[in-house]
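A.B. asks: The structure that follows is given in the form of structure tokens.
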Amino acid sequence: MTQRTLVLVKPDGVRRGLTGEVLRRIEAKGYTLVACELKQATRDMLAQHYAEHEGKPFYEPLVEFMLSGPVTAAVFEGERVIEGFRALAGATDPTVALPGTIRGDLGRDWGLKVQQNIVHGSDSEESSAREIAIWFPGLA
Ligand code: CMP
């Protein structure tokens, strides 16, 4: 089943110049780029994007981190791309993410727990529809 997923290269990834490397890995896997833009998130966008995490101890630091610089927002398409990208991204905590994954190869703990984990990917079709509407409201 063809799906779409929202990928964010988070501010740590953009600052470190990893946008091209992340997009290259996703394209090399065979997924199709359908939208891509460097964007500065707003508090309002992040409140919607991270609604499920509101109230958790890491919520405010996560929002501050996501506001700390631009993110590269992208939409990729392909068969089972949601789980496919999550496999490419690796575990949430970059310290233990397996080598071969984006987080495992390119990330580590910089003293801020697991917030700085380079990428975000939608975790379900419901999330991807909601997240794509936040980041690319004009995309059909
Ligand atoms: P992401 O896939 O964007 O979804 C929620 C984000 O919250 C996650 O990546 C991490 O950046 C962050 N996160 C999740 N768990 C923790 C945690 N225990 N401490 C700090 N940040 C976290």
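Here's how to read the names in the structure tokens: chain A, B, ... by the order shown, residue numbers from 1 in each chain, ligand numbers from 1 in the order shown.
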Would you list the residues that come within 7 Å of ligand 1? Count only C-alpha atoms and all ligand atoms and give the answer as a PyMOL selection string.

C.D. replies: chain A and resi 50+58+62+92+113-117+119-121

A.B. asks: Run DSSP on the backbone and tell me which residues of segment 12-108 of chain A come out as helix (DSSP H, G or I); list them as a VMD selection string.

C.D. replies: chain A and resid 12 to 15 19 to 29 43 to 49 51 to 53 59 to 66 81 to 89 102 to 106

A.B. asks: Generate a file of the selected residues that holds C-alpha atoms, formatted as a compact mmCIF listing (two decimals), in the first residue's frame.

C.D. replies:
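Contents of the output file result_18.txt:
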```txt
# COMPACT_ATOMS: atom_id res chain seq x y z
CA ASP A 12 20.70 19.45 15.35
CA GLY A 13 20.80 17.68 11.99
CA VAL A 14 20.45 20.92 10.01
CA ARG A 15 23.14 22.66 12.14
CA THR A 19 20.25 17.25 5.61
CA GLY A 20 21.77 15.99 2.38
CA GLU A 21 23.03 12.77 3.99
CA VAL A 22 19.62 12.03 5.52
CA LEU A 23 17.74 12.71 2.27
CA ARG A 24 20.33 10.68 0.33
CA ARG A 25 19.77 7.63 2.51
CA ILE A 26 15.99 7.82 2.11
CA GLU A 27 16.21 8.26 -1.66
CA ALA A 28 18.83 5.49 -1.93
CA LYS A 29 16.40 3.14 -0.17
CA ARG A 43 5.29 27.16 18.93
CA ASP A 44 1.82 26.65 17.50
CA MET A 45 3.00 24.13 14.88
CA LEU A 46 4.96 22.22 17.54
CA ALA A 47 2.00 22.19 19.95
CA GLN A 48 0.03 20.41 17.21
CA HIS A 49 2.91 18.20 16.10
CA ALA A 51 0.22 17.11 21.09
CA GLU A 52 0.54 13.52 22.32
CA HIS A 53 3.61 14.43 24.41
CA TYR A 59 7.86 18.27 26.38
CA GLU A 60 9.06 21.85 27.09
CA PRO A 61 12.78 21.14 26.46
CA LEU A 62 11.78 19.33 23.27
CA VAL A 63 9.76 22.32 22.03
CA GLU A 64 12.61 24.73 22.91
CA PHE A 65 15.07 22.51 21.07
CA MET A 66 12.80 22.30 18.01
CA VAL A 81 7.34 4.06 3.77
CA ILE A 82 6.21 4.80 7.34
CA GLU A 83 7.78 1.68 8.82
CA GLY A 84 10.55 1.75 6.21
CA PHE A 85 11.71 5.19 7.29
CA ARG A 86 11.48 4.29 10.98
CA ALA A 87 13.76 1.33 10.29
CA LEU A 88 16.20 3.65 8.49
CA ALA A 89 16.07 6.16 11.38
CA ILE A 102 20.67 7.30 10.61
CA ARG A 103 20.69 7.83 14.38
CA GLY A 104 23.13 4.98 14.98
CA ASP A 105 25.64 6.21 12.41
CA LEU A 106 25.29 9.97 12.81
```

A.B. asks: Take atom CA of Gly78 of chain A and atom CA of Leu6 of chain A and report the distance between them in Å, one decimal.

C.D. replies: 12.1 Å

A.B. asks: Could you check how far atom CA of Pro94 of chain A sits from atom CA of Arg4 of chain A, in Å to one decimal?

C.D. replies: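 These two atoms are separated by 24.2 Å.
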
A.B. asks: Just to confirm, what's the straight-line distance from atom CA of Phe76 of chain A to atom CA of Val7 of chain A in Å (one decimal)?

C.D. replies: 7.4 Å

A.B. asks: Looking at only C-alpha atoms, which of A:Ala35, A:Gln40, A:Pro99, A:Ala91 is the one that sits closest to Gly138 of chain A?

C.D. replies: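 Using only C-alpha atoms, Gly138 of chain A sits closest to A:Ala35.
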
A.B. asks: Which is closer to Leu38 of chain A than all the others in A:Lys56, A:Arg108, A:Lys10, A:Arg130, using only C-alpha atoms?

C.D. replies: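 With only C-alpha atoms as the atom set, the closest residue is A:Lys10.
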
A.B. asks: Would you please give, as number ranges by chain, all residues of chain A that DSSP assigns to strand (DSSP E or B) based on the backbone?

C.D. replies: A: 2-9, 32-39, 71-79, 99, 101, 119-121

A.B. asks: Looking at only C-alpha atoms, which of A:Val75, A:Arg16, A:Val9, A:Thr2 is the one that sits closest to Ser128 of chain A?

C.D. replies: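 Nearest to Ser128 of chain A: A:Val75.
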